[in-house]
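Student: Below are the structure tokens for one structure; questions will follow.
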Amino acid sequence: MSEKQNKNVTVRVQKIKKNHIKQKLVFFLILAIGLVILAVFSEHLCPYDPYAQDLASALQPPSLQHPMGTDTYGRDMLSRVISGARASIFSTFILVAVIAVLGTAVGVCCGYFGGAADAVMMRISDVCLAFPGLVFAMAIAAILGGGIQNAVIALAVVSWPKYSRIARGQTLALKEEPYIHAAILAGDSSGQIMLRHILPNMLGPVLVTAMLDIGTMMMELAGLSFLGLGAQIPMAEWGSMMSSGRSMIQTYPWVVLSPGIAIFISVAIFNLLGDTVRDYLDPKNSRS
């Protein structure tokens with residue numbers, strides 16, 4: 001086979017691989033959008049009031065009337081799982097957005113200006129990274145007190161250094177590029193250079209990290225709620241729902257499995273979406 005034929009075969013294989021990645025991206029994106037729609041319209045999709053108690057129907061197993069059974073207060077588990085999607089998914093999105101924006105801003109400024117501020121902020125990030133993330137977040141959440149907002153703050157405090165490290169490394173490499181020096185000679189301010197030239201060229205790694213972080217942050221938020229440091233009773237949130245039913249895992253397993261399955265499916269969808277976005281943005285897969 002000639003060199004030209006080998007090249008044509010390689011191009012066809014790369015196109016097939018790229019199309020397969022595009023199909024996966026569309027599929028998982030549709031599933032993720034479906035979860036978001038479920039969270040947005042959860043109040044209208046619940047077959048029952050998720051907070052209405054009916055002690056006569058307490059701890060009923062899954063049936064046609066209650067597909068996921070009922071809890072100790074007779075509340076429909078399916079309705080509570082659907083209602084809990086709003087708190088679990090939106091809190092995760094807010095958390096990931098906060099740590100991505102904050103960490104990226106700190107990293108870009110530190111990488112571009114350097115100096116004492118860079119040294120101080122990087123030492124602070126070293127301290128945050130020196131502790132196990134969830135353990136550090138538990139300590140902060142315990143100090144702040146219970147509540148989903150305090151859980152988000154606690155995780156944000158310990159999770160931003162990852163993005164600052166990525167942004168700083170990208171900035172250190174990009175600021176030596178010829179077009180950056182040309183922008184400086186053209187009279188652009190530091191803010192203009194960071195916003196117009198550095199940020200757009202480093203969004204790929206930050207976006208991929210954020211997408212992959214959604215599943216992780218969702219599990220950590222649920223973990224804090226499970227430990228009583230996140231969402232509080234009677235709020236419908238998947239982690240707190242598992243916590244309230246953990247003592248009945250052997251006798252009434254659906255009380256714990258229902259929110260657990262919701263967490264598993266949501267995390268799997270967002271993790272697979274993040275992996276696919278990473279593959280799609282990979283320069284090796286962009287060649288045709």
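Numbering starts fresh at 1 for the residues of each chain in the structure tokens, the chains themselves are lettered A, B, ... in the order given, and ligands are numbered from 1 as they appear.
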Please list as a VMD selection string every residue within 9 Å of Gly228 (chain A), counting only C-alpha atoms and excluding residues in the same chain fewer than 6 positions away.
Tutor: chain A and resid 146 to 147 239 to 240 243
Student: Deliver the residues from the most recent selection as a file, using N, CA, C and O atoms, as a CSV table (one decimal), in the first residue's frame.
Tutor:
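Contents of result.csv, as written:
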chain,number,residue,atom,x,y,z
A,146,GLY,N,-25.2,23.4,59.7
A,146,GLY,CA,-25.8,22.7,58.6
A,146,GLY,C,-26.5,23.6,57.6
A,146,GLY,O,-26.6,24.8,57.7
A,147,GLY,N,-26.9,23.0,56.5
A,147,GLY,CA,-27.5,23.7,55.4
A,147,GLY,C,-26.8,23.5,54.1
A,147,GLY,O,-25.6,23.4,54.0
A,239,GLY,N,-28.9,13.1,49.2
A,239,GLY,CA,-28.0,12.7,50.3
A,239,GLY,C,-28.7,12.6,51.6
A,239,GLY,O,-28.5,11.6,52.4
A,240,SER,N,-29.5,13.6,52.0
A,240,SER,CA,-30.2,13.6,53.3
A,240,SER,C,-31.3,12.5,53.3
A,240,SER,O,-31.5,11.9,54.3
A,243,SER,N,-29.6,9.4,54.2
A,243,SER,CA,-29.2,9.4,55.6
A,243,SER,C,-30.4,9.1,56.5
A,243,SER,O,-30.2,8.3,57.4
Student: Hey, which bits of region 151-200 of chain A sit within 12 Å of region 126-130 of chain A, and for each residue what's the closest pair of atoms and how far apart in Å (one decimal), counting only C-alpha atoms, rows by chain and increasing number, as a tab-separated table?
Tutor:
residue	atom	partner	partner_atom	distance
A:Ala154	CA	A:Cys128	CA	11.6
A:Leu155	CA	A:Cys128	CA	10.9
A:Ala156	CA	A:Cys128	CA	10.8
A:Val157	CA	A:Cys128	CA	8.1
A:Val158	CA	A:Cys128	CA	5.6
A:Ser159	CA	A:Cys128	CA	7.9
A:Trp160	CA	A:Cys128	CA	8.9
A:Pro161	CA	A:Cys128	CA	7.1
A:Lys162	CA	A:Leu129	CA	8.2
A:Tyr163	CA	A:Leu129	CA	11.7
A:Ser164	CA	A:Asp126	CA	10.9
A:Arg165	CA	A:Asp126	CA	9.9
Student: Given the choices A:Ile193, A:Gly133, A:Gly169, A:Ile143, which gets closest to Glu220 (chain A) if the distance is worked out from only C-alpha atoms?
Tutor: A:Gly133
Student: Using only C-alpha atoms, find the one residue out of A:Ile214, A:Ala58, A:Met194, A:Val40 that sits nearest to Ile99 (chain A).
Tutor: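 Looking only at the distances to Ile99 (chain A), the closest residue turns out to be A:Ile214.
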Student: Work out how far CA of Leu55 (chain A) is from CA of Ser88 (chain A), in Å to one decimal.
Tutor: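 We find that CA of Ser88 (chain A) and CA of Leu55 (chain A) lie 26.4 Å from each other.
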Student: Rounded to one decimal, what separation in Å do you get between CA of His20 (chain A) and CA of Asn201 (chain A)?
Tutor: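 These atoms are spaced 25.7 Å apart.
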Student: Residues of region 200-234 of chain A classed as alpha helix (DSSP H) by DSSP on the backbone are to be reported as a ChimeraX atom specification.
Tutor: /A:203-226
Student: What does the distance between CA of Leu229 (chain A) and CA of Ala151 (chain A) come to in Å, to one decimal place?
Tutor: 6.7 Å
Student: Please list as a ChimeraX atom specification every residue within 7 Å of Arg168 (chain A), counting only C-alpha atoms and excluding residues in the same chain fewer than 3 positions away.
Tutor: /A:107-108,110-111,164-165,171-172
Student: Arg75 (chain A): which residues within 10 Å, counting only C-alpha atoms, same-chain residues fewer than 6 positions away excluded, as a PDB file with N, CA, C and O atoms, in the first residue's frame?
Tutor:
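result15.pdb, written as the output of this step:
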ATOM      1  N   TYR A  48     -47.154  13.053  43.465  1.00  0.00           N
ATOM      2  CA  TYR A  48     -47.731  13.389  44.766  1.00  0.00           C
ATOM      3  C   TYR A  48     -46.964  14.569  45.357  1.00  0.00           C
ATOM      4  O   TYR A  48     -45.864  14.917  44.886  1.00  0.00           O
ATOM      5  N   ASP A  49     -47.538  15.151  46.384  1.00  0.00           N
ATOM      6  CA  ASP A  49     -46.828  16.191  47.126  1.00  0.00           C
ATOM      7  C   ASP A  49     -45.655  15.533  47.863  1.00  0.00           C
ATOM      8  O   ASP A  49     -45.871  14.648  48.705  1.00  0.00           O
ATOM      9  N   PRO A  50     -44.405  15.921  47.568  1.00  0.00           N
ATOM     10  CA  PRO A  50     -43.257  15.241  48.195  1.00  0.00           C
ATOM     11  C   PRO A  50     -43.147  15.462  49.698  1.00  0.00           C
ATOM     12  O   PRO A  50     -42.400  14.752  50.370  1.00  0.00           O
ATOM     13  N   TYR A  51     -43.898  16.422  50.244  1.00  0.00           N
ATOM     14  CA  TYR A  51     -43.821  16.700  51.681  1.00  0.00           C
ATOM     15  C   TYR A  51     -45.093  16.313  52.424  1.00  0.00           C
ATOM     16  O   TYR A  51     -45.164  16.469  53.642  1.00  0.00           O
ATOM     17  N   ALA A  52     -46.104  15.816  51.710  1.00  0.00           N
ATOM     18  CA  ALA A  52     -47.370  15.434  52.343  1.00  0.00           C
ATOM     19  C   ALA A  52     -47.214  14.100  53.069  1.00  0.00           C
ATOM     20  O   ALA A  52     -46.787  13.101  52.478  1.00  0.00           O
ATOM     21  N   GLN A  53     -47.542  14.091  54.353  1.00  0.00           N
ATOM     22  CA  GLN A  53     -47.407  12.880  55.158  1.00  0.00           C
ATOM     23  C   GLN A  53     -48.718  12.098  55.214  1.00  0.00           C
ATOM     24  O   GLN A  53     -49.788  12.683  55.277  1.00  0.00           O
ATOM     25  N   ASP A  54     -48.577  10.770  55.147  1.00  0.00           N
ATOM     26  CA  ASP A  54     -49.725   9.872  55.243  1.00  0.00           C
ATOM     27  C   ASP A  54     -49.262   8.642  56.019  1.00  0.00           C
ATOM     28  O   ASP A  54     -48.786   7.659  55.443  1.00  0.00           O
ATOM     29  N   LEU A  55     -49.357   8.708  57.339  1.00  0.00           N
ATOM     30  CA  LEU A  55     -48.814   7.641  58.182  1.00  0.00           C
ATOM     31  C   LEU A  55     -49.475   6.295  57.931  1.00  0.00           C
ATOM     32  O   LEU A  55     -48.869   5.246  58.181  1.00  0.00           O
ATOM     33  N   SER A  57     -49.946   5.071  55.124  1.00  0.00           N
ATOM     34  CA  SER A  57     -49.264   4.480  53.962  1.00  0.00           C
ATOM     35  C   SER A  57     -47.764   4.381  54.174  1.00  0.00           C
ATOM     36  O   SER A  57     -47.008   4.236  53.210  1.00  0.00           O
ATOM     37  N   ALA A  58     -47.315   4.450  55.415  1.00  0.00           N
ATOM     38  CA  ALA A  58     -45.881   4.456  55.706  1.00  0.00           C
ATOM     39  C   ALA A  58     -45.212   3.141  55.324  1.00  0.00           C
ATOM     40  O   ALA A  58     -45.772   2.059  55.524  1.00  0.00           O
ATOM     41  N   LEU A  59     -44.011   3.266  54.743  1.00  0.00           N
ATOM     42  CA  LEU A  59     -43.132   2.137  54.430  1.00  0.00           C
ATOM     43  C   LEU A  59     -43.796   1.083  53.556  1.00  0.00           C
ATOM     44  O   LEU A  59     -43.585  -0.118  53.739  1.00  0.00           O
ATOM     45  N   GLN A  60     -44.577   1.534  52.598  1.00  0.00           N
ATOM     46  CA  GLN A  60     -45.149   0.599  51.626  1.00  0.00           C
ATOM     47  C   GLN A  60     -44.087   0.258  50.579  1.00  0.00           C
ATOM     48  O   GLN A  60     -43.348   1.132  50.126  1.00  0.00           O
ATOM     49  N   HIS A  66     -47.235   3.521  44.075  1.00  0.00           N
ATOM     50  CA  HIS A  66     -45.994   4.179  44.509  1.00  0.00           C
ATOM     51  C   HIS A  66     -44.817   3.385  43.929  1.00  0.00           C
ATOM     52  O   HIS A  66     -44.316   2.452  44.572  1.00  0.00           O
ATOM     53  N   GLY A  69     -42.079   3.112  46.308  1.00  0.00           N
ATOM     54  CA  GLY A  69     -42.489   2.899  47.679  1.00  0.00           C
ATOM     55  C   GLY A  69     -42.703   4.206  48.435  1.00  0.00           C
ATOM     56  O   GLY A  69     -42.726   5.291  47.847  1.00  0.00           O
TER      57      GLY A  69
END
Student: Find the residues around Met68 (chain A) up to 12 Å (only C-alpha atoms counted), leave out those fewer than 2 positions away in its own chain, and share them as a PyMOL selection string.
Tutor: chain A and resi 47+59-66+70-71+74-82+252-262
Student: Using only C-alpha atoms, find each residue of region 24-47 of chain A with at least one atom at most 7 Å away from an atom of region 269-278 of chain A; report its shortest atom-to-atom pair and that distance in Å (one decimal), sort the rows by chain and rising residue number, and return the result as a tab-separated table.
Tutor:
residue	atom	partner	partner_atom	distance
A:Lys24	CA	A:Thr276	CA	6.8
A:Leu25	CA	A:Thr276	CA	5.7
A:Phe28	CA	A:Leu273	CA	5.4
A:Leu29	CA	A:Leu273	CA	6.5
A:Leu31	CA	A:Ile269	CA	6.9
A:Ala32	CA	A:Ile269	CA	6.5
Student: Counting only C-alpha atoms, figure out which residue out of A:Leu195, A:Met121, A:Val152, A:Val206 gets nearest to Leu281 (chain A).
Tutor: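 For Leu281 (chain A), the nearest of the given residues is A:Val206.
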Student: When you count only C-alpha atoms, which of these residues is closest to Gly204 (chain A): A:Val135, A:Ile180, A:Ile166, A:Met218?
Tutor: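 The shortest atom-to-atom distance to Gly204 (chain A) comes from A:Ile166.
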Student: Closest to Met248 (chain A) among A:Leu221, A:Ala183, A:Thr72, A:Glu43, using only C-alpha atoms?
Tutor: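 Between A:Leu221, A:Ala183, A:Thr72, A:Glu43, the residue approaching Met248 (chain A) most closely is A:Thr72.
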